[in-house]
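J.: Take a look at data26.txt, compact mmCIF, C-alpha atoms:
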# COMPACT_ATOMS: atom_id res chain seq x y z
CA MET A 1 -26.39 31.24 85.52
CA ALA A 2 -27.83 34.54 86.69
CA THR A 3 -28.82 36.82 83.87
CA ALA A 4 -30.86 39.74 85.10
CA ALA A 5 -30.18 41.96 88.06
CA PRO A 6 -33.11 42.71 90.32
CA GLY A 7 -34.73 46.09 90.45
CA GLN A 8 -35.07 47.02 86.80
CA ARG A 9 -36.97 45.99 83.73
CA GLN A 10 -34.87 44.10 81.21
CA ALA A 11 -35.10 43.21 77.54
CA TYR A 12 -34.07 39.74 76.46
CA PHE A 13 -33.07 38.17 73.16
CA ASP A 14 -36.69 37.09 72.75
CA ASP A 15 -37.87 40.72 72.94
CA VAL A 16 -35.59 42.04 70.20
CA GLU A 17 -37.16 42.71 66.80
CA VAL A 18 -35.01 42.77 63.67
CA GLY A 19 -35.36 46.19 62.06
CA ALA A 20 -36.29 47.93 65.30
CA SER A 21 -34.47 51.23 65.60
CA LEU A 22 -33.56 53.45 68.48
CA GLU A 23 -32.51 57.09 68.66
CA THR A 24 -30.79 58.29 71.83
CA PRO A 25 -30.67 61.69 73.50
CA GLY A 26 -27.53 63.72 72.88
CA ILE A 27 -24.39 64.51 74.84
CA THR A 28 -22.17 67.55 74.38
CA LEU A 29 -18.48 66.71 74.16
CA THR A 30 -16.53 68.78 76.68
CA GLU A 31 -12.89 69.29 77.64
CA THR A 32 -13.74 67.36 80.82
CA HIS A 33 -14.69 64.27 78.80
CA VAL A 34 -11.42 64.55 76.88
CA ALA A 35 -9.35 65.02 80.06
CA LEU A 36 -10.98 62.08 81.87
CA PHE A 37 -10.71 59.84 78.82
CA SER A 38 -7.07 60.76 78.20
CA GLY A 39 -6.36 60.24 81.90
CA ILE A 40 -7.60 56.67 82.02
CA THR A 41 -6.49 55.58 78.56
CA ARG A 42 -3.42 57.76 78.02
CA ASP A 43 -4.71 58.30 74.51
CA PRO A 44 -2.23 60.89 73.25
CA GLY A 45 -4.55 62.35 70.64
CA THR A 46 -4.62 65.81 72.15
CA ARG A 47 -2.31 67.84 69.90
CA ASP A 48 -4.97 70.48 69.54
CA PRO A 49 -7.09 71.58 72.49
CA GLY A 50 -10.43 71.17 70.70
CA ALA A 51 -9.61 67.69 69.41
CA VAL A 52 -11.55 64.70 70.69
CA PRO A 53 -9.82 61.28 70.86
CA ASP A 54 -11.14 59.09 68.03
CA LEU A 55 -12.43 56.40 70.40
CA LEU A 56 -14.30 58.76 72.76
CA PRO A 57 -17.55 59.17 70.76
CA LEU A 58 -17.79 55.38 70.36
CA CYS A 59 -17.28 54.88 74.11
CA LEU A 60 -19.87 57.55 74.98
CA SER A 61 -22.41 55.99 72.61
CA SER A 62 -22.54 52.86 74.77
CA GLY A 63 -23.83 54.97 77.66
CA LEU A 64 -26.27 56.90 75.45
CA GLY A 65 -28.06 53.61 74.82
CA TRP A 66 -28.98 53.52 78.53
CA ARG A 67 -30.77 56.88 78.36
CA VAL A 68 -33.77 55.73 76.32
CA PRO A 69 -37.19 54.72 77.71
CA GLN A 70 -36.78 51.12 76.47
CA PRO A 71 -35.50 48.61 79.06
CA PRO A 72 -31.83 47.71 78.55
CA LEU A 73 -30.79 44.44 76.91
CA VAL A 74 -29.37 41.75 79.17
CA VAL A 75 -25.97 41.60 77.48
CA LEU A 76 -23.93 38.57 78.53
CA ALA A 77 -20.88 39.56 76.50
CA PHE A 78 -19.75 42.05 73.85
CA LEU A 79 -18.29 39.82 71.12
CA GLY A 80 -16.89 42.25 68.59
CA PHE A 81 -17.46 45.23 66.34
CA GLU A 82 -16.50 46.90 63.07
CA TRP A 83 -16.24 50.64 63.08
CA ARG A 84 -15.55 53.51 60.66
CA PHE A 85 -14.35 56.92 61.75
CA LEU A 86 -15.85 59.25 59.14
CA ARG A 87 -15.24 62.77 60.46
CA PRO A 88 -13.52 64.18 63.51
CA ALA A 89 -15.62 65.29 66.47
CA ARG A 90 -14.68 68.50 68.29
CA VAL A 91 -15.16 69.76 71.81
CA GLY A 92 -18.51 71.56 71.80
CA ASP A 93 -20.14 69.15 69.35
CA THR A 94 -23.29 67.40 70.55
CA ILE A 95 -23.49 63.79 69.48
CA HIS A 96 -26.24 61.21 69.67
CA SER A 97 -26.60 57.73 68.28
CA ARG A 98 -29.10 55.96 66.07
CA SER A 99 -29.12 52.19 65.98
CA ARG A 100 -30.97 49.35 64.34
CA THR A 101 -30.98 45.60 64.95
CA VAL A 102 -29.98 43.91 61.69
CA THR A 103 -29.41 40.28 62.68
CA LYS A 104 -30.75 37.97 65.36
CA ARG A 105 -29.42 34.42 65.72
CA PRO A 106 -30.37 32.06 68.57
CA MET A 107 -27.59 30.11 70.28
CA ARG A 108 -27.72 27.44 72.94
CA GLU A 109 -27.00 30.03 75.65
CA GLY A 110 -28.84 33.19 74.65
CA GLY A 111 -28.53 34.60 71.18
CA ILE A 112 -26.44 36.81 68.93
CA ILE A 113 -27.66 40.29 68.07
CA VAL A 114 -25.97 42.47 65.47
CA GLU A 115 -26.67 46.17 65.81
CA GLU A 116 -25.86 48.86 63.24
CA ARG A 117 -25.03 52.14 64.92
CA ASP A 118 -24.40 55.65 63.60
CA ILE A 119 -23.12 58.50 65.73
CA LEU A 120 -24.35 61.86 64.45
CA ASN A 121 -23.39 65.41 65.34
CA GLN A 122 -25.64 68.45 65.84
CA ARG A 123 -25.69 69.06 62.08
CA GLY A 124 -26.96 65.54 61.42
CA GLU A 125 -23.63 64.47 59.88
CA ILE A 126 -22.54 60.90 60.57
CA VAL A 127 -19.32 61.13 62.59
CA GLN A 128 -18.75 57.40 63.18
CA SER A 129 -20.60 54.30 62.09
CA GLY A 130 -20.41 50.54 62.40
CA LYS A 131 -21.78 47.20 63.54
CA LEU A 132 -21.65 45.70 67.02
CA THR A 133 -22.13 42.02 67.86
CA LEU A 134 -23.57 41.12 71.27
CA LEU A 135 -24.40 37.91 73.10
CA VAL A 136 -27.77 38.50 74.79
CA ALA A 137 -29.59 36.36 77.37
CA ARG A 138 -32.84 34.57 76.63
CA ARG A 139 -35.82 35.28 78.83
CA PRO A 140 -35.60 32.91 81.81
CA ARG A 141 -38.35 30.32 81.98
CA PRO A 142 -40.74 31.01 84.85
CA MET B 143 14.21 45.11 79.94
CA LEU B 144 12.03 47.99 78.96
CA CYS B 145 13.27 50.21 76.19
CA TYR B 146 11.72 53.55 75.44
CA ARG B 147 12.34 55.00 72.04
CA LEU B 148 12.81 58.72 72.27
CA VAL B 149 11.02 60.61 69.57
CA SER B 150 11.50 64.33 69.35
CA ALA B 151 8.50 66.45 68.50
CA GLY B 152 9.94 67.36 65.12
CA GLU B 153 10.68 63.79 64.07
CA ALA B 154 7.39 62.81 62.49
CA VAL B 155 7.05 59.42 60.83
CA TYR B 156 5.29 59.77 57.48
CA PHE B 157 3.33 57.18 55.50
CA GLU B 158 6.39 56.47 53.31
CA ASP B 159 8.54 55.69 56.38
CA ILE B 160 6.26 52.91 57.68
CA ARG B 161 7.20 49.39 56.56
CA VAL B 162 4.82 46.43 56.25
CA GLY B 163 5.93 43.82 58.78
CA GLU B 164 7.18 46.33 61.39
CA GLU B 165 6.33 45.08 64.86
CA TYR B 166 5.67 46.90 68.09
CA SER B 167 5.01 45.73 71.58
CA SER B 168 3.72 47.85 74.42
CA PRO B 169 4.57 48.02 78.10
CA GLY B 170 2.08 46.32 80.42
CA ARG B 171 -0.67 47.95 82.41
CA THR B 172 -2.70 46.59 85.31
CA VAL B 173 -6.39 47.29 84.85
CA THR B 174 -7.82 48.39 88.18
CA GLU B 175 -11.24 48.78 89.74
CA ALA B 176 -10.68 52.55 89.53
CA ASP B 177 -10.27 52.34 85.75
CA ILE B 178 -13.63 50.57 85.46
CA VAL B 179 -15.43 52.92 87.87
CA ILE B 180 -14.14 56.03 86.09
CA PHE B 181 -14.96 54.59 82.67
CA ALA B 182 -18.53 53.75 83.80
CA GLY B 183 -18.91 57.29 85.14
CA LEU B 184 -17.47 58.88 82.01
CA THR B 185 -19.48 56.88 79.50
CA GLY B 186 -22.66 56.24 81.48
CA ASP B 187 -22.36 52.52 80.76
CA TYR B 188 -23.32 51.11 84.16
CA ASN B 189 -24.08 47.60 82.88
CA VAL B 190 -24.05 45.11 85.77
CA LEU B 191 -21.17 43.31 84.02
CA HIS B 192 -18.93 46.19 85.12
CA THR B 193 -20.59 47.59 88.24
CA ASP B 194 -22.41 44.94 90.32
CA ALA B 195 -19.95 42.68 92.16
CA GLU B 196 -22.65 40.61 93.86
CA HIS B 197 -24.60 39.96 90.67
CA MET B 198 -21.43 39.01 88.79
CA LYS B 199 -20.46 36.36 91.37
CA ALA B 200 -23.17 34.17 89.85
CA SER B 201 -22.30 35.03 86.24
CA LEU B 202 -20.23 33.34 83.56
CA PHE B 203 -17.22 35.45 84.62
CA GLY B 204 -17.56 35.13 88.40
CA GLU B 205 -16.71 38.77 89.00
CA ARG B 206 -16.95 42.23 87.43
CA ILE B 207 -15.14 42.62 84.11
CA ALA B 208 -13.77 45.67 82.32
CA HIS B 209 -15.90 47.24 79.60
CA GLY B 210 -14.76 45.87 76.24
CA LEU B 211 -14.30 49.42 74.98
CA LEU B 212 -12.20 50.28 78.05
CA GLY B 213 -9.81 47.53 76.93
CA VAL B 214 -9.81 48.94 73.40
CA SER B 215 -9.11 52.43 74.72
CA ILE B 216 -6.35 51.29 77.10
CA GLN B 217 -4.57 49.26 74.42
CA GLN B 218 -4.66 52.28 72.11
CA GLY B 219 -2.94 54.40 74.75
CA LEU B 220 -0.52 51.59 75.71
CA LEU B 221 0.74 51.01 72.20
CA SER B 222 1.33 54.71 71.64
CA ARG B 223 3.74 54.72 74.60
CA ASP B 224 6.30 52.64 72.73
CA MET B 225 5.78 53.75 69.14
CA PRO B 226 6.92 56.76 67.20
CA ALA B 227 4.07 59.16 66.49
CA TRP B 228 2.77 58.92 62.93
CA ALA B 229 2.35 62.21 61.08
CA ASN B 230 -1.11 63.70 61.62
CA GLU B 231 -2.47 60.21 62.33
CA SER B 232 -6.14 59.50 62.87
CA LEU B 233 -8.11 56.27 63.22
CA ALA B 234 -10.01 55.38 60.04
CA GLY B 235 -11.44 52.01 61.01
CA LEU B 236 -11.47 49.13 63.47
CA ARG B 237 -12.40 45.45 63.24
CA TRP B 238 -12.29 43.95 66.70
CA LYS B 239 -13.03 40.73 68.56
CA PHE B 240 -13.39 40.28 72.31
CA LYS B 241 -11.92 36.85 73.04
CA GLY B 242 -11.97 36.81 76.83
CA PRO B 243 -12.66 39.00 79.84
CA ILE B 244 -10.30 41.55 81.37
CA LYS B 245 -10.77 41.23 85.12
CA ILE B 246 -9.76 43.65 87.88
CA GLY B 247 -6.05 43.17 88.54
CA ASP B 248 -5.24 41.70 85.12
CA THR B 249 -2.16 43.13 83.44
CA ILE B 250 -2.51 43.58 79.72
CA HIS B 251 -0.09 44.47 76.96
CA VAL B 252 -0.38 44.83 73.19
CA ARG B 253 1.50 43.32 70.27
CA ALA B 254 1.05 44.97 66.90
CA ARG B 255 2.31 44.50 63.36
CA VAL B 256 1.93 46.67 60.29
CA ALA B 257 -0.14 44.36 58.08
CA ALA B 258 -0.78 46.49 54.99
CA LYS B 259 -0.49 49.92 53.40
CA LYS B 260 -2.71 51.44 50.75
CA ASP B 261 -3.69 54.77 49.23
CA ALA B 262 -6.30 56.81 51.03
CA ALA B 263 -9.30 58.43 49.35
CA THR B 264 -7.98 61.76 50.65
CA PRO B 265 -4.97 63.05 48.70
CA GLY B 266 -1.83 63.53 50.76
CA ARG B 267 -2.64 60.62 53.06
CA GLY B 268 -2.25 56.86 53.10
CA ILE B 269 -3.97 54.09 55.07
CA VAL B 270 -1.90 51.81 57.30
CA THR B 271 -3.49 48.62 58.65
CA MET B 272 -2.19 47.19 61.90
CA ALA B 273 -2.97 43.73 63.29
CA ARG B 274 -3.15 43.93 67.07
CA THR B 275 -3.34 41.39 69.86
CA VAL B 276 -4.07 42.24 73.49
CA LEU B 277 -2.70 39.66 75.94
CA ASN B 278 -3.07 39.21 79.69
CA GLN B 279 -0.42 38.18 82.24
CA ARG B 280 -0.95 34.50 81.38
CA GLY B 281 -0.35 35.16 77.68
CA GLU B 282 -4.03 34.58 76.85
CA VAL B 283 -5.42 36.68 74.00
CA VAL B 284 -8.22 38.80 75.46
CA GLN B 285 -8.84 41.03 72.46
CA GLU B 286 -7.61 41.10 68.87
CA GLY B 287 -8.31 42.94 65.69
CA GLU B 288 -7.18 45.33 63.03
CA THR B 289 -6.95 49.08 63.16
CA GLU B 290 -6.75 51.32 60.10
CA HIS B 291 -4.92 54.60 60.38
CA ALA B 292 -4.86 57.57 58.04
CA VAL B 293 -1.28 58.93 57.99
CA GLU B 294 0.14 61.98 56.22
CA ARG B 295 2.49 61.49 53.27
CA ARG B 296 5.86 63.21 53.24
CA ASP B 297 5.34 64.29 49.63
CA GLY B 298 1.62 64.96 50.20
Could you write out this structure as structure tokens?
T.:
Amino acid sequence: MATAAPGQRQAYFDDVEVGASLETPGITLTETHVALFSGITRDPGTRDPGAVPDLLPLCLSSGLGWRVPQPPLVVLAFLGFEWRFLRPARVGDTIHSRSRTVTKRPMREGGIIVEERDILNQRGEIVQSGKLTLLVARRPRP
Amino acid sequence: MLCYRLVSAGEAVYFEDIRVGEEYSSPGRTVTEADIVIFAGLTGDYNVLHTDAEHMKASLFGERIAHGLLGVSIQQGLLSRDMPAWANESLAGLRWKFKGPIKIGDTIHVRARVAAKKDAATPGRGIVTMARTVLNQRGEVVQEGETEHAVERRDG
């Protein structure tokens, strides 16, 4: 089974340290994000023009994780997550995410990683928060 | 046969109007390559799982798959097409499992049931829990979970 794509550095299950944390750069939520998101999902949550669909910050946080200097994890599958929506985000807010590995469990094929993630706004308030469970590849034997 | 319930803008459904055990089912939607490409561009999640057709030929799935969160987002929009709008509703929480891949060309729909109701910490609102199942064209469960919604009370 192929795990890593050529051409980039990768982090494997073996490289992950429990307790390691990561803070991402930010992204400003714009009307364009809302329009594109509503267009592909038909999320109707647009009663007020400055409102941001509840799921949009969570979706954007998965891309924020790719904008850090650390090599990306070789994720084989996203298994599940638990998430709390604590305060609404508005167009014009700048969000970023802060995450920490809390659990690491080896499996026959790869291993399970549980990551705690907070999404914060420009005032440092936690907007959304939860835990994500990922199946990650082990480093291939040479 | 597809039935669309017509809900006028003024006819809001309040917390008190929602009954435990109510069931909803959504229309279907075919998830396309365009959906995945736009979602990758929007979110910046260019993981090879979703963007590298050649690499994915040799993977567990055999081809590119939709982002898990694209499936979550699509089911949210799908279900709202065949449900009355709940008064001033917002998502409070989600517990979700990805059971199988959504591949390009798969047609998914959602089944949902009101599983529980409880008071919210915020006065004037209540929390409604829905159990949801996302199925593909073969009736296989691809995603399932619970969503919690804060809904305005009529007497709030």
J.: For chain A, which residue out of B:Pro226, B:Gly204, B:Gly235, B:Gly281 is the nearest one, using only C-alpha atoms?
T.: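 The answer is B:Gly235, which sits nearest to chain A.
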J.: Would you mind listing, as number ranges by chain, all residues of chain A that have at least one atom within 10 Å of chain B, where all atoms listed in the file are what counts?
T.: A: 1-6, 32-34, 36-45, 47, 53-67, 72-88, 128-133
J.: So how many Å separate CA of Thr101 in chain A and CA of Thr28 in chain A, to one decimal?
T.: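 Computed distance, CA of Thr101 in chain A to CA of Thr28 in chain A, equals 25.5 Å.
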J.: Write out as a ChimeraX atom specification each polymer residue whose atoms come within 9 Å of range 255-264 of chain B, counting all atoms listed in the file; drop sequence neighbours fewer than 3 positions from it.
T.: /B:157,160-167,267-274,288,292-293
J.: Would you pick out the contacts of Gln122 in chain A at 12 Å or less, using all atoms listed in the file, so that residues sharing its chain but fewer than 3 positions from it are not included, and give the list as a list in words?
T.: Pro25, Gly26, Ile27, Thr28, Leu29, Ala89, Arg90, Gly92, Asp93, Thr94, Ile95, His96, Ser97, Ile119, Glu125, Ile126 and Val127 of chain A
J.: What does the distance from CA of Glu282 in chain B to CA of Asp248 in chain B come to in Å, to one decimal?
T.: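 Going from CA of Glu282 in chain B over to CA of Asp248 in chain B, I get 11.0 Å.
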J.: Which is closest to Tyr156 in chain B among B:Ile250, B:Arg280, B:Ser168, B:Ala229, if we use only C-alpha atoms?
T.: B:Ala229
J.: May I have the centre and edge lengths, in Å to one decimal, of an axis-aligned box around the listed atoms of range 17-30 of chain A with 8 Å added to every side, as JSON?
T.:
{"center_x": -26.8, "center_y": 55.7, "center_z": 69.4, "size_x": 36.6, "size_y": 42.1, "size_z": 30.6}
J.: May I ask for the distance between CA of Leu135 in chain A and CA of Gly110 in chain A, given in Å to one decimal place?
T.: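 Atom-to-atom, CA of Leu135 in chain A to CA of Gly110 in chain A, that is 6.7 Å.
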J.: Tell me which protein, DNA and RNA residues are within 10 Å of Met107 in chain A, counting all atoms listed in the file, leaving out same-chain ones fewer than 2 positions away, and put them as a tab-separated table (two decimals) with C-alpha atoms, in the coordinates of the input.
T.:
chain	number	residue	atom	x	y	z
A	104	LYS	CA	-30.75	37.97	65.36
A	105	ARG	CA	-29.42	34.42	65.72
A	109	GLU	CA	-27.00	30.03	75.65
A	110	GLY	CA	-28.84	33.19	74.65
A	111	GLY	CA	-28.53	34.60	71.18
A	112	ILE	CA	-26.44	36.81	68.93
A	135	LEU	CA	-24.40	37.91	73.10
A	136	VAL	CA	-27.77	38.50	74.79
A	137	ALA	CA	-29.59	36.36	77.37
A	138	ARG	CA	-32.84	34.57	76.63
